[in-house]
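Engineer: One structure is given below, represented as structure tokens, and several questions about it will come after.
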Amino acid sequence: FSVPSGGTNDRQSFIEGTIRFNTDLNTLEFFNGNEWRQFTYIQQNGSGLCLLGGGTGPGSPHTDVIQSLNIHTTGNTTNFGNLSEVRDGLIGVSSPTRGVFCGGALGPTGDNVGSNIMDYVAFASSGNAEDFGDLQQVARYPNGGGNGVRALIMAGQAPSMTTMINAINITTLGNSIDTGGEYTGSQSLSETVYNNQRMIMVGGYDANNHAATNSTSNVIQTITITSSGSAVDWGSALRVRSGNGISNSTRGIIGCTYGNGVYTNTMDHTTIESSGFFVNFGDLSVERSSCFKGASCTLTRGVFAGGTNPSRLNVIDYVQFSSLGNAIDFGDLSGTADGGPINFGATITNAHGGLGLGGF
């Protein structure tokens with residue numbers, strides 16, 4: 001027999017136990033009485049491979065190094081390959097088989113050196129990144145997320161700020177498209193958590209805020225990943241920026257942030273399918289910001305890698321999604337640039353919460 005099929009916006013039956021094929025996500029899904037959930041596929045939770053590309057921040061020589069680690073185990077990073085260009089302030093999105101490093105700044109100084117470069121790497125083989133296509137504008141410090149097929153990349157600066165939302169198909173090569181929607185939550189440096197349906201963008205840098213707020217936004221916006229519309233307000237949070245978000249299909253955690261003029265060790269979490277707020281999860285081992293950005297997580301565990309306070313740090317912490325508590329030391333970043341650790345790079349994984357996995 002064949003089950004009903006259609007896109008995310010075509011769902012009609014909300015009877016518990018209903019099964020359908022989602023043509024937007026290319027997965028079977030079912031209604032559990034409260035929400036639509038995707039069936040776990042065998043590959044889910046992947047191998048736990050996490051790749052960390054580029055970095056190191058304003059005023060520092062940039063790098064093209066790609067480091068790797070296995071989130072399921074603890075230990076230091078190892079070398080995987082190189083990006084096509086040295087750059088920092090980029091973002092990563094990924095499917096179970098491929099990751100794409102998007103945007104970033106090419107030069108070591110100033111903000112007027114953003115790029116529209118997109119590189120991709122295959123998780124299955126170590127090697128250098130290859131050209132994927134171009135963003136519709138240059139962007140340093142953008143945010144992004146995706147469901148394993150479609151990814152959205154938005155915000156960023158260099159030379160000017162943008163509200164454009166770019167969309168790409170991770171499974172094919174080519175340039176991004178302008179969806180026509182807008183993201184107005186912040187101008188850059190926000191933290192993002194997501195499952196395979198919804199992205200939530202938290203805080204970030206906003207030059208329209210006065211010095212009293214350290215140019216930091218407390219706005220939270222959300223968007224449906226398959227949508228071509230604009231992001232909408234979701235709530236408000238502490239004023240934070242320059243951190244990272246990790247998430248499984250249920251819970252999102254932000255940490256490694258800069259807020260109220262100081263580096264923080266606080267982590268906050270939310271239930272992604274709720275319309276609520278972020279509340280305390282626990283503490284990182286070291287106060288810092290500017291760690292690697294992207295979904296550096298599996299369904300059960302996430303890592304916060306690197307950072308600065310104000311010198312660059314090689315620390316990696318991990319947390320378990322299932323229970324609140326402090327982060328635990330994972331290992332160290334082995335990659336270096338200009339004689340020191342790397343920060344302000346991007347991460348991709350083959351097992352994050354946007355890939356249709358169920359719960360934690």
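Chain labels A, B, ... are given in the sequence in which chains occur in the structure tokens; within each chain residues are numbered consecutively from 1, and ligands are likewise numbered from 1 in the order shown.
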DSSP on the backbone: what in range 158-281 of chain A comes out strand (DSSP E), as number ranges by chain?

Structural biologist: A: 164-169, 177-182, 191-194, 198-202, 219-224, 232-236, 244-247, 251-255, 258-259, 262-271, 279-281

Engineer: Counting only C-alpha atoms, which of A:Ser125, A:Asn195, A:Thr56, A:Asn116 gets nearest to Phe101 in chain A?

Structural biologist: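 Once distances to Phe101 in chain A are computed over only C-alpha atoms, the minimum belongs to A:Asn116.
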
Engineer: Choose the residue, out of A:Leu90, A:Ile223, A:Val262, A:Ile71, that has the smallest atom-to-atom separation from Ile316 in chain A; count only C-alpha atoms.

Structural biologist: A:Ile71

Engineer: Counting only C-alpha atoms, figure out which residue out of A:Asn143, A:Gly17, A:Ser94, A:Met199 gets nearest to Ser186 in chain A.

Structural biologist: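 Of A:Asn143, A:Gly17, A:Ser94, A:Met199, the one nearest Ser186 in chain A is A:Asn143, counting only C-alpha atoms.
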
Engineer: Considering only C-alpha atoms, tabulate each residue of range 216-329 of chain A that lies at most 10 Å from range 336-342 of chain A along with its nearest interatomic pair and the corresponding distance in Å to one decimal; arrange the rows by chain and ascending residue number and present them as a tab-separated table.

Structural biologist:
```
residue	atom	partner	partner_atom	distance
A:Ser290	CA	A:Ile342	CA	9.9
A:Cys291	CA	A:Ile342	CA	8.7
A:Phe292	CA	A:Ile342	CA	8.7
A:Ala305	CA	A:Ile342	CA	9.4
A:Gly306	CA	A:Ile342	CA	6.8
A:Gly307	CA	A:Ile342	CA	7.8
A:Thr308	CA	A:Ile342	CA	9.2
A:Ser311	CA	A:Gly340	CA	9.0
A:Arg312	CA	A:Pro341	CA	5.7
A:Leu313	CA	A:Pro341	CA	5.8
A:Asn314	CA	A:Pro341	CA	5.3
A:Val315	CA	A:Pro341	CA	9.1
```

Engineer: Print the selection's residues with C-alpha atoms to a file, as a PDB file, in the first residue's frame.

Structural biologist:
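The resulting file, result35.pdb, is reproduced below:
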```pdb
ATOM      1  CA  SER A 290      33.719  32.901  19.934  1.00  0.00           C
ATOM      2  CA  CYS A 291      33.856  29.112  19.813  1.00  0.00           C
ATOM      3  CA  PHE A 292      33.321  27.150  16.582  1.00  0.00           C
ATOM      4  CA  ALA A 305      34.962  23.764  20.948  1.00  0.00           C
ATOM      5  CA  GLY A 306      37.506  26.539  21.377  1.00  0.00           C
ATOM      6  CA  GLY A 307      36.812  30.157  22.244  1.00  0.00           C
ATOM      7  CA  THR A 308      38.509  33.266  23.552  1.00  0.00           C
ATOM      8  CA  SER A 311      43.248  34.997  24.409  1.00  0.00           C
ATOM      9  CA  ARG A 312      42.458  31.991  22.240  1.00  0.00           C
ATOM     10  CA  LEU A 313      41.710  28.708  24.040  1.00  0.00           C
ATOM     11  CA  ASN A 314      41.983  25.072  22.905  1.00  0.00           C
ATOM     12  CA  VAL A 315      39.418  23.681  25.370  1.00  0.00           C
TER      13      VAL A 315
END
```

Engineer: What's the 12 Å shell around Ser190 in chain A, counting only C-alpha atoms, without same-chain residues fewer than 2 positions away, as a ChimeraX atom specification?

Structural biologist: /A:89,91,140-144,153-156,183-188,192-193,200-206,216-221,237,239-245,254-259,289-290,293-294

Engineer: Which one is closest to Gly133 in chain A: A:Ile170, A:Leu189, A:Val279, A:Val286? Count only C-alpha atoms.

Structural biologist: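 For Gly133 in chain A, the nearest of the candidates is A:Ile170.
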
Engineer: Could you tell me which of A:Ala346, A:Val65, A:Ile253, A:Ala124 comes closest to Gly325 in chain A if we count only C-alpha atoms?

Structural biologist: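 Looking at the shortest contact to Gly325 in chain A, the residue is A:Ile253.
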
Engineer: So the first atom is CA of Gly7 in chain A and the second is CA of Ala295 in chain A; what is the distance between them in Å, to one decimal place?

Structural biologist: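 About the pair CA of Gly7 in chain A and CA of Ala295 in chain A: they are 24.8 Å apart.
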
Engineer: Tell me, in Å to one decimal, how far CA of Ser296 in chain A is from CA of Gly145 in chain A.

Structural biologist: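 We find that CA of Ser296 in chain A and CA of Gly145 in chain A lie 11.6 Å from each other.
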
Engineer: I'd like the neighbourhood of Leu49 in chain A as a PyMOL selection string, where a residue qualifies if any of its atoms comes within 8 Å (using only C-alpha atoms), though same-chain residues fewer than 3 positions away should be ignored.

Structural biologist: chain A and resi 46+68-71+123+349-351

Engineer: Suppose we keep N, CA, C and O atoms; can you now write the selection as a CSV table (one decimal), in the first residue's frame?

Structural biologist:
```
chain,number,residue,atom,x,y,z
A,46,GLY,N,24.3,8.8,12.9
A,46,GLY,CA,25.6,8.8,12.2
A,46,GLY,C,26.7,8.2,12.9
A,46,GLY,O,26.6,7.3,13.8
A,68,SER,N,39.0,17.3,12.9
A,68,SER,CA,37.9,16.3,13.1
A,68,SER,C,38.0,15.8,14.5
A,68,SER,O,39.0,15.7,15.1
A,69,LEU,N,36.8,15.4,15.0
A,69,LEU,CA,36.7,14.7,16.2
A,69,LEU,C,35.5,13.8,16.2
A,69,LEU,O,34.6,14.0,15.3
A,70,ASN,N,35.4,12.8,17.0
A,70,ASN,CA,34.2,11.9,17.1
A,70,ASN,C,33.5,12.3,18.4
A,70,ASN,O,34.0,12.1,19.5
A,71,ILE,N,32.3,12.8,18.3
A,71,ILE,CA,31.5,13.3,19.4
A,71,ILE,C,31.2,12.1,20.4
A,71,ILE,O,31.0,12.4,21.6
A,123,PHE,N,31.8,13.4,4.4
A,123,PHE,CA,32.2,12.9,5.7
A,123,PHE,C,33.0,11.5,5.6
A,123,PHE,O,33.8,11.2,6.4
A,349,THR,N,28.4,18.3,11.3
A,349,THR,CA,28.3,16.9,11.8
A,349,THR,C,27.4,16.1,10.9
A,349,THR,O,26.5,16.6,10.2
A,350,ASN,N,27.5,14.8,11.0
A,350,ASN,CA,26.6,13.9,10.3
A,350,ASN,C,25.5,13.3,11.1
A,350,ASN,O,24.9,12.3,10.8
A,351,ALA,N,25.2,13.9,12.3
A,351,ALA,CA,24.3,13.3,13.2
A,351,ALA,C,23.5,14.3,14.1
A,351,ALA,O,23.0,14.0,15.1
```

Engineer: Calculate how many Å separate CA of Tyr194 in chain A from CA of Thr271 in chain A, rounding to one decimal.

Structural biologist: 10.0 Å

Engineer: Using only C-alpha atoms, which residue out of A:Thr224, A:Asn260, A:Thr18, A:Asn343 lies closest to Val3 in chain A?

Structural biologist: A:Thr18

Engineer: So that I can check the surroundings of Asn34 in chain A, please list as a ChimeraX atom specification every protein, DNA and RNA residue that reaches within 10 Å of it, counting only C-alpha atoms and ignoring chain neighbours fewer than 3 positions away.

Structural biologist: /A:14-16,31,37

Engineer: For range 79-85 of chain A, list every protein, DNA or RNA residue within 8 Å, evaluated using only C-alpha atoms, and leave out those in the same chain fewer than 5 positions away; present the list as a compact mmCIF listing (two decimals) with N, CA, C and O atoms, in the first residue's frame.

Structural biologist:
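around22.txt, freshly written:
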```
# COMPACT_ATOMS: atom_id res chain seq x y z
N LEU A 51 33.39 17.94 12.05
CA LEU A 51 34.49 18.62 11.39
C LEU A 51 34.46 20.10 11.75
O LEU A 51 33.40 20.72 11.74
N GLY A 53 36.12 23.72 10.71
CA GLY A 53 36.86 24.33 9.63
C GLY A 53 37.12 25.81 9.80
O GLY A 53 36.25 26.55 10.25
N GLY A 54 38.31 26.24 9.43
CA GLY A 54 38.66 27.65 9.41
C GLY A 54 38.79 28.27 10.78
O GLY A 54 38.88 27.60 11.79
N ASP A 64 42.91 27.75 6.99
CA ASP A 64 42.05 26.90 6.17
C ASP A 64 41.99 25.48 6.71
O ASP A 64 41.45 24.58 6.07
N VAL A 65 42.52 25.24 7.90
CA VAL A 65 42.61 23.90 8.48
C VAL A 65 41.21 23.35 8.81
O VAL A 65 40.36 24.06 9.35
N ILE A 66 40.97 22.09 8.47
CA ILE A 66 39.78 21.36 8.91
C ILE A 66 40.22 20.30 9.91
O ILE A 66 41.03 19.42 9.58
N GLN A 67 39.71 20.40 11.14
CA GLN A 67 40.00 19.42 12.19
C GLN A 67 38.80 18.48 12.34
O GLN A 67 37.68 18.83 11.99
N SER A 68 39.04 17.29 12.88
CA SER A 68 37.95 16.35 13.09
C SER A 68 37.99 15.78 14.50
O SER A 68 39.04 15.71 15.14
N LEU A 106 37.99 36.65 4.48
CA LEU A 106 39.24 36.16 3.90
C LEU A 106 40.47 36.77 4.55
O LEU A 106 41.52 36.13 4.61
N ASP A 119 32.09 25.91 0.44
CA ASP A 119 32.87 24.69 0.21
C ASP A 119 32.09 23.50 0.75
O ASP A 119 31.33 23.62 1.71
N SER A 126 38.59 11.55 4.27
CA SER A 126 39.40 12.71 4.62
C SER A 126 39.90 13.38 3.35
O SER A 126 40.21 12.71 2.36
N GLY A 127 39.97 14.68 3.38
CA GLY A 127 40.45 15.39 2.20
C GLY A 127 40.06 16.84 2.25
O GLY A 127 39.42 17.32 3.20
N ASN A 128 40.44 17.56 1.21
CA ASN A 128 40.20 18.99 1.16
C ASN A 128 38.76 19.29 0.73
O ASN A 128 38.11 18.48 0.06
N ALA A 129 38.29 20.47 1.11
CA ALA A 129 36.97 20.93 0.69
C ALA A 129 37.01 21.34 -0.77
O ALA A 129 38.05 21.74 -1.29
N GLU A 130 35.87 21.21 -1.44
CA GLU A 130 35.75 21.59 -2.84
C GLU A 130 34.64 22.61 -3.01
O GLU A 130 33.73 22.71 -2.19
N ASP A 131 34.70 23.34 -4.11
CA ASP A 131 33.73 24.40 -4.34
C ASP A 131 32.32 23.85 -4.48
O ASP A 131 32.08 22.88 -5.18
N GLY A 335 44.67 21.77 16.21
CA GLY A 335 45.01 22.69 15.15
C GLY A 335 45.44 24.04 15.70
O GLY A 335 44.90 24.52 16.70
```
